[in-house]
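**Student:** Hey, dropping data-v6.txt in here, compact mmCIF, C-alpha atoms:
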# COMPACT_ATOMS: atom_id res chain seq x y z
CA MET D 589 -83.39 -59.92 145.84
CA THR D 590 -81.90 -58.00 148.76
CA THR D 591 -82.36 -54.27 149.26
CA GLN D 592 -78.64 -53.79 148.64
CA GLU D 593 -78.91 -55.55 145.28
CA LEU D 594 -81.87 -53.35 144.34
CA VAL D 595 -79.94 -50.20 145.24
CA ALA D 596 -76.98 -51.42 143.17
CA GLN D 597 -79.26 -51.85 140.14
CA ILE D 598 -80.66 -48.35 140.62
CA HIS D 599 -77.20 -46.83 140.48
CA LYS D 600 -76.09 -49.07 137.62
CA LYS D 601 -79.06 -48.14 135.43
CA GLN D 602 -79.41 -44.60 136.77
CA SER D 603 -83.09 -45.37 137.17
CA PHE D 604 -85.62 -46.16 139.87
CA LEU D 605 -88.41 -46.80 137.39
CA CYS D 606 -90.97 -49.54 137.92
CA ILE D 607 -93.15 -50.44 134.95
CA GLY D 608 -96.64 -51.67 135.71
CA LEU D 609 -97.80 -54.52 133.51
CA ASP D 610 -101.55 -53.82 133.68
CA THR D 611 -102.22 -55.75 130.50
CA ASP D 612 -105.74 -55.37 129.12
CA LEU D 613 -106.84 -57.25 126.00
CA GLU D 614 -109.10 -54.32 125.12
CA LYS D 615 -106.13 -51.93 124.96
CA ILE D 616 -103.27 -53.90 123.42
CA PRO D 617 -102.69 -53.70 119.63
CA SER D 618 -105.44 -55.66 117.93
CA TYR D 619 -103.09 -57.74 115.78
CA LEU D 620 -101.71 -59.38 118.95
CA LEU D 621 -105.11 -60.93 119.61
CA GLU D 622 -104.28 -63.45 116.89
CA ASP D 623 -101.36 -64.73 118.97
CA GLU D 624 -101.76 -67.96 120.94
CA ASP D 625 -101.10 -65.99 124.15
CA PRO D 626 -101.65 -62.29 123.41
CA ILE D 627 -101.09 -61.18 127.03
CA PHE D 628 -97.67 -62.78 127.23
CA ALA D 629 -96.76 -61.64 123.70
CA PHE D 630 -97.53 -58.06 124.71
CA ASN D 631 -95.65 -58.33 128.03
CA LYS D 632 -92.60 -59.92 126.42
CA ALA D 633 -92.36 -57.16 123.82
CA ILE D 634 -92.67 -54.44 126.48
CA ILE D 635 -90.07 -56.14 128.71
CA ASP D 636 -87.56 -56.67 125.89
CA ALA D 637 -87.91 -53.03 124.84
CA THR D 638 -87.66 -51.44 128.30
CA HIS D 639 -85.63 -53.67 130.63
CA GLU D 640 -82.49 -51.54 130.31
CA LEU D 641 -84.37 -48.48 131.53
CA CYS D 642 -86.15 -49.80 134.62
CA VAL D 643 -85.29 -51.75 137.75
CA ALA D 644 -88.70 -53.31 138.44
CA TYR D 645 -91.84 -54.67 136.83
CA LYS D 646 -95.19 -54.80 138.59
CA PRO D 647 -97.90 -57.01 137.12
CA ASN D 648 -101.28 -56.01 138.53
CA ILE D 649 -102.66 -59.44 139.38
CA ALA D 650 -106.31 -58.45 138.80
CA PHE D 651 -105.59 -57.94 135.10
CA TYR D 652 -104.54 -61.61 134.90
CA GLU D 653 -107.13 -63.14 137.20
CA ALA D 654 -109.84 -61.47 135.09
CA TYR D 655 -108.99 -63.84 132.22
CA GLY D 656 -109.11 -67.01 134.30
CA VAL D 657 -106.76 -69.85 133.40
CA GLN D 658 -105.55 -68.01 130.29
CA GLY D 659 -104.58 -64.96 132.34
CA TRP D 660 -102.90 -66.95 135.10
CA SER D 661 -100.89 -68.88 132.51
CA ALA D 662 -99.77 -65.59 130.95
CA LEU D 663 -98.73 -64.30 134.38
CA ARG D 664 -96.74 -67.46 135.07
CA LYS D 665 -94.97 -67.18 131.71
CA THR D 666 -94.27 -63.48 132.26
CA ILE D 667 -92.61 -63.90 135.65
CA ALA D 668 -90.69 -66.97 134.45
CA TYR D 669 -89.45 -64.99 131.43
CA LEU D 670 -88.29 -62.15 133.67
CA ASN D 671 -86.53 -64.42 136.15
CA GLU D 672 -84.79 -66.41 133.42
CA ASN D 673 -83.74 -63.59 131.11
CA TYR D 674 -83.48 -60.54 133.39
CA PRO D 675 -82.77 -61.90 136.88
CA ASP D 676 -81.53 -58.52 138.15
CA ILE D 677 -85.00 -57.00 137.72
CA PHE D 678 -87.04 -56.59 140.92
CA THR D 679 -90.50 -58.12 140.52
CA ILE D 680 -93.64 -56.99 142.33
CA ALA D 681 -96.88 -58.95 142.51
CA ASP D 682 -99.45 -56.18 142.84
CA ALA D 683 -101.95 -58.48 144.52
CA LYS D 684 -103.09 -56.44 147.56
CA ARG D 685 -103.58 -59.58 149.62
CA GLY D 686 -103.96 -59.83 153.40
CA ASP D 687 -105.92 -62.31 155.53
CA ILE D 688 -105.65 -64.35 158.73
CA GLY D 689 -102.27 -65.93 159.33
CA ASN D 690 -102.62 -69.36 157.75
CA THR D 691 -104.26 -67.86 154.65
CA SER D 692 -101.55 -65.22 154.34
CA THR D 693 -98.95 -67.99 154.48
CA ARG D 694 -100.63 -69.65 151.50
CA TYR D 695 -100.73 -66.40 149.57
CA ALA D 696 -97.03 -65.92 150.34
CA LYS D 697 -96.18 -69.42 149.12
CA ALA D 698 -98.15 -68.83 145.91
CA PHE D 699 -96.35 -65.63 144.98
CA PHE D 700 -92.93 -66.10 146.59
CA GLU D 701 -92.34 -69.81 146.03
CA ASP D 702 -94.54 -70.97 143.16
CA LEU D 703 -94.32 -67.84 140.99
CA ASN D 704 -91.02 -66.59 142.51
CA PHE D 705 -91.83 -62.90 142.78
CA ASP D 706 -89.46 -60.73 144.82
CA SER D 707 -92.28 -58.84 146.54
CA ILE D 708 -96.02 -58.50 146.98
CA THR D 709 -98.37 -55.65 147.88
CA ILE D 710 -100.41 -56.21 151.05
CA ALA D 711 -103.42 -54.50 152.61
CA PRO D 712 -102.53 -53.91 156.29
CA TYR D 713 -106.04 -53.58 157.74
CA MET D 714 -106.05 -56.99 159.48
CA GLY D 715 -102.84 -56.20 161.32
CA ARG D 716 -99.72 -57.97 162.50
CA ASP D 717 -100.69 -61.61 162.13
CA SER D 718 -101.86 -61.02 158.55
CA VAL D 719 -98.58 -59.36 157.52
CA GLU D 720 -95.84 -61.26 159.36
CA PRO D 721 -96.36 -64.52 157.38
CA PHE D 722 -95.14 -62.64 154.28
CA LEU D 723 -92.17 -61.20 156.17
CA ALA D 724 -91.02 -64.69 157.17
CA PHE D 725 -89.65 -65.36 153.67
CA LYS D 726 -85.93 -64.65 153.28
CA ASP D 727 -84.95 -61.90 150.82
CA LYS D 728 -88.58 -61.31 149.89
CA HIS D 729 -90.30 -57.97 150.41
CA THR D 730 -93.75 -57.02 151.64
CA ILE D 731 -95.12 -53.73 150.35
CA LEU D 732 -97.82 -52.33 152.64
CA LEU D 733 -100.50 -49.99 151.35
CA ALA D 734 -99.88 -46.86 153.41
CA LEU D 735 -101.23 -43.81 151.59
CA THR D 736 -102.67 -44.55 148.16
CA SER D 737 -103.18 -42.25 145.18
CA ASN D 738 -106.92 -42.74 144.67
CA GLN D 739 -109.51 -40.18 145.78
CA GLY D 740 -111.07 -42.66 148.19
CA ALA D 741 -107.86 -42.66 150.24
CA PHE D 742 -109.33 -39.72 152.13
CA ASP D 743 -112.27 -41.85 153.28
CA LEU D 744 -110.14 -43.67 155.86
CA GLN D 745 -106.39 -43.32 155.43
CA THR D 746 -106.13 -39.68 156.48
CA LYS D 747 -108.80 -39.82 159.20
CA LYS D 748 -107.49 -38.98 162.64
CA ILE D 749 -107.68 -41.41 165.54
CA ASP D 750 -106.60 -39.94 168.87
CA GLY D 751 -105.12 -37.03 166.94
CA LYS D 752 -103.05 -39.15 164.53
CA GLU D 753 -103.85 -39.97 160.91
CA LEU D 754 -104.57 -43.65 160.33
CA TYR D 755 -101.85 -44.04 157.68
CA LYS D 756 -99.25 -42.80 160.17
CA GLU D 757 -100.43 -45.39 162.69
CA VAL D 758 -100.07 -48.07 160.02
CA LEU D 759 -96.49 -46.95 159.39
CA LEU D 760 -95.59 -46.77 163.08
CA VAL D 761 -97.09 -50.10 164.08
CA SER D 762 -95.62 -51.92 161.08
CA THR D 763 -92.08 -51.00 162.14
CA THR D 764 -92.57 -53.27 165.18
CA TYR D 765 -93.42 -56.35 163.10
CA GLU D 766 -91.00 -59.26 163.03
CA GLY D 767 -89.10 -58.99 159.75
CA ALA D 768 -89.93 -55.28 159.39
CA GLU D 769 -86.57 -54.69 157.70
CA ASN D 770 -88.16 -56.26 154.60
CA LEU D 771 -91.11 -53.87 154.55
CA MET D 772 -91.72 -51.35 151.79
CA TYR D 773 -94.70 -49.01 151.49
CA VAL D 774 -97.07 -47.77 148.82
CA VAL D 775 -97.35 -43.98 148.83
CA GLY D 776 -99.17 -42.30 145.96
CA ALA D 777 -97.37 -39.62 143.94
CA THR D 778 -100.49 -37.47 144.18
CA LYS D 779 -99.84 -37.31 147.94
CA ALA D 780 -96.29 -35.95 147.61
CA GLU D 781 -96.89 -33.26 150.25
CA TYR D 782 -97.20 -36.02 152.85
CA LEU D 783 -93.78 -37.52 152.13
CA THR D 784 -91.80 -35.39 154.59
CA GLU D 785 -93.81 -36.70 157.53
CA ILE D 786 -93.73 -40.24 156.13
CA ARG D 787 -89.93 -40.08 155.97
CA GLU D 788 -89.83 -39.07 159.63
CA ILE D 789 -91.47 -42.40 160.49
CA VAL D 790 -89.75 -44.69 157.92
CA PRO D 791 -86.58 -42.80 156.94
CA ASN D 792 -84.84 -45.65 155.13
CA SER D 793 -87.62 -47.85 153.78
CA PHE D 794 -88.32 -48.11 150.07
CA LEU D 795 -91.50 -46.43 148.90
CA LEU D 796 -93.38 -47.73 145.87
CA VAL D 797 -94.91 -44.61 144.34
CA PRO D 798 -97.70 -44.95 141.75
CA GLY D 799 -99.42 -41.99 140.17
CA VAL D 800 -96.59 -40.34 138.22
CA GLY D 801 -97.72 -39.66 134.67
CA ALA D 802 -101.30 -40.67 133.88
CA GLN D 803 -102.54 -39.77 137.37
CA GLY D 804 -100.76 -36.41 137.44
CA GLY D 805 -98.10 -36.97 140.10
CA SER D 806 -94.85 -34.98 139.92
CA LEU D 807 -91.54 -36.84 139.82
CA LYS D 808 -89.65 -33.77 141.05
CA GLU D 809 -91.95 -33.33 144.05
CA VAL D 810 -91.75 -37.00 144.99
CA CYS D 811 -87.95 -36.94 144.82
CA LYS D 812 -87.70 -33.65 146.70
CA TYR D 813 -89.65 -34.92 149.69
CA GLY D 814 -89.30 -38.71 149.45
CA MET D 815 -85.78 -39.60 148.35
CA SER D 816 -83.55 -41.08 151.04
CA GLU D 817 -79.80 -41.64 151.29
CA ASN D 818 -80.18 -45.04 149.57
CA VAL D 819 -82.64 -43.53 147.04
CA GLY D 820 -85.54 -45.37 148.67
CA LEU D 821 -87.97 -44.89 145.80
CA LEU D 822 -89.54 -47.03 143.12
CA ILE D 823 -91.60 -44.80 140.84
CA ASN D 824 -94.27 -46.76 139.00
CA SER D 825 -95.74 -45.89 135.63
CA SER D 826 -98.17 -48.24 133.93
CA ARG D 827 -100.58 -46.86 131.34
CA GLY D 828 -98.32 -43.94 130.44
CA ILE D 829 -95.67 -46.39 129.21
CA ILE D 830 -97.27 -49.63 128.09
CA TYR D 831 -100.10 -47.95 126.17
CA ALA D 832 -98.03 -45.20 124.57
CA SER D 833 -99.17 -46.64 121.23
CA ASP D 834 -101.78 -49.16 120.11
CA GLN D 835 -100.04 -49.73 116.78
CA GLU D 836 -97.32 -52.18 115.75
CA ASN D 837 -94.70 -49.78 117.11
CA PHE D 838 -96.11 -50.12 120.66
CA ALA D 839 -92.88 -51.53 122.13
CA GLU D 840 -90.74 -48.77 120.64
CA ALA D 841 -93.21 -46.16 121.87
CA ALA D 842 -93.12 -47.70 125.34
CA ARG D 843 -89.33 -47.57 125.33
CA ALA D 844 -89.38 -43.89 124.38
CA LYS D 845 -91.72 -43.06 127.27
CA ALA D 846 -89.65 -45.16 129.68
CA GLU D 847 -86.50 -43.40 128.55
CA GLU D 848 -88.06 -39.99 129.22
CA LEU D 849 -88.66 -41.00 132.83
CA GLN D 850 -85.28 -42.69 133.18
CA GLN D 851 -83.47 -39.56 132.01
CA ALA D 852 -85.43 -37.44 134.50
CA MET D 853 -84.53 -39.94 137.23
CA LYS D 854 -80.87 -39.80 136.23
CA MET D 855 -80.92 -36.06 136.88
CA GLU D 856 -82.49 -36.59 140.32
CA LEU D 857 -79.84 -39.20 141.19
CA GLU D 858 -77.10 -36.78 140.16
CA ARG D 859 -78.56 -34.24 142.60
CA LEU D 860 -78.52 -36.88 145.35
CA ASN D 861 -74.84 -37.61 144.72
Turn this file's structure into structure tokens for me.
**Tutor:**
Amino acid sequence: MTTQELVAQIHKKQSFLCIGLDTDLEKIPSYLLEDEDPIFAFNKAIIDATHELCVAYKPNIAFYEAYGVQGWSALRKTIAYLNENYPDIFTIADAKRGDIGNTSTRYAKAFFEDLNFDSITIAPYMGRDSVEPFLAFKDKHTILLALTSNQGAFDLQTKKIDGKELYKEVLLVSTTYEGAENLMYVVGATKAEYLTEIREIVPNSFLLVPGVGAQGGSLKEVCKYGMSENVGLLINSSRGIIYASDQENFAEAARAKAEELQQAMKMELERLN
């Protein structure tokens, strides 16, 4: 999916909501555990109930790898279901990969070619030759971890080197990478006060913003400081939507929570226009 196609979907749906599919067998409704593939059954129900209200889904790969072959099979079925039934949805493999060049190429092939995700999250610590293999894939997007929402982000990401915070150096250097036009960045909603300076470095790039909802981030603050002329935001909510209920009405409850966010996003888009 191209950036232009993503922007078109945002305006069509009046939403820049990304739903995180962090599917945990200990949290899904217990009756689903009787299903042949409870992870996929849960994901399918969530997707069918919410696809009109969001523009992206983000499976957190760790939640699938934890269940071995069963989990990987559920992930494969989930992404295939999305691509076949809702091809206009932007898909994000939240895998946080990143390694030497030839290994990164293999990771890219796994997620972009075999599974056919639109994008993948990448840890930038190993630098240019660990990131550019992902950027070599046409109409695929690489989402660099820039400033994350966890407390440990302050351990390294905001430390100053020669007077400049490390996350700013990550942003600056990444703009020189070959294929940088296909870069996006993770910026936590709990770090909304940093967004003005981030936008000075990457004014037009899309930002994937976790932390709204369960982690306490403010949608209004993120939009105030982070929205660009082409919207430039994907706001992720995971637990706050998919675990809105642990009863048989879980899909309907998830839709209601997704609609709350979508309506708030519609108001922000109206302000932009």
**Student:** What is the distance, in Å and to one decimal place, between atom CA of D:Ser825 and atom CA of D:Pro721?
**Tutor:**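 Separation of atom CA of D:Ser825 and atom CA of D:Pro721: 28.6 Å.
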**Student:** Would you please work out which residue, of D:Leu860, D:Leu641, D:Ala832, D:Ile789, is nearest to D:Glu847 when using all atoms listed in the file?
**Tutor:**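 Closest residue, counting all atoms listed in the file: D:Leu641.
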**Student:** For D:Lys854, which residue out of D:Val819, D:Val719, D:Ala683, D:Ala662 is the nearest one, using all atoms listed in the file?
**Tutor:**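 Counting all atoms listed in the file, the residue closest to D:Lys854 is D:Val819.
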**Student:** Can you tell me how far atom CA of D:Ile627 sits from atom CA of D:Val643, in Å to one decimal?
**Tutor:**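 Value for the atom CA of D:Ile627-atom CA of D:Val643 distance: 21.3 Å.
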**Student:** Identify, on the basis of all atoms listed in the file, every residue whose closest approach to stretch 837-841 of chain D does not exceed 8 Å; exclude the query and any residue fewer than 5 positions from it along the same chain; express the result as a ChimeraX atom specification.
**Tutor:** /D:617,633-634,637,829-832
**Student:** Any idea what the distance is between atom CA of D:Gly740 and atom CA of D:Tyr713?
**Tutor:**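 These atoms are spaced 15.4 Å apart.
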**Student:** Using only C-alpha atoms, which protein or nucleic acid residues come within 9 Å of D:Glu769? Drop anything in the same chain fewer than 6 positions from it, and give the result as a list in words.
**Tutor:**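 Here the qualifying residues turn out to be Leu723, His729, Thr763 and Ser793 of chain D.
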**Student:** Show which residues sit within 6 Å of D:Ser603, as a list in words. Count all atoms listed in the file, and ignore same-chain residues fewer than 6 positions away.
**Tutor:**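 Counting only the stated atoms, we get Cys642, Gln850 and Met853 of chain D.
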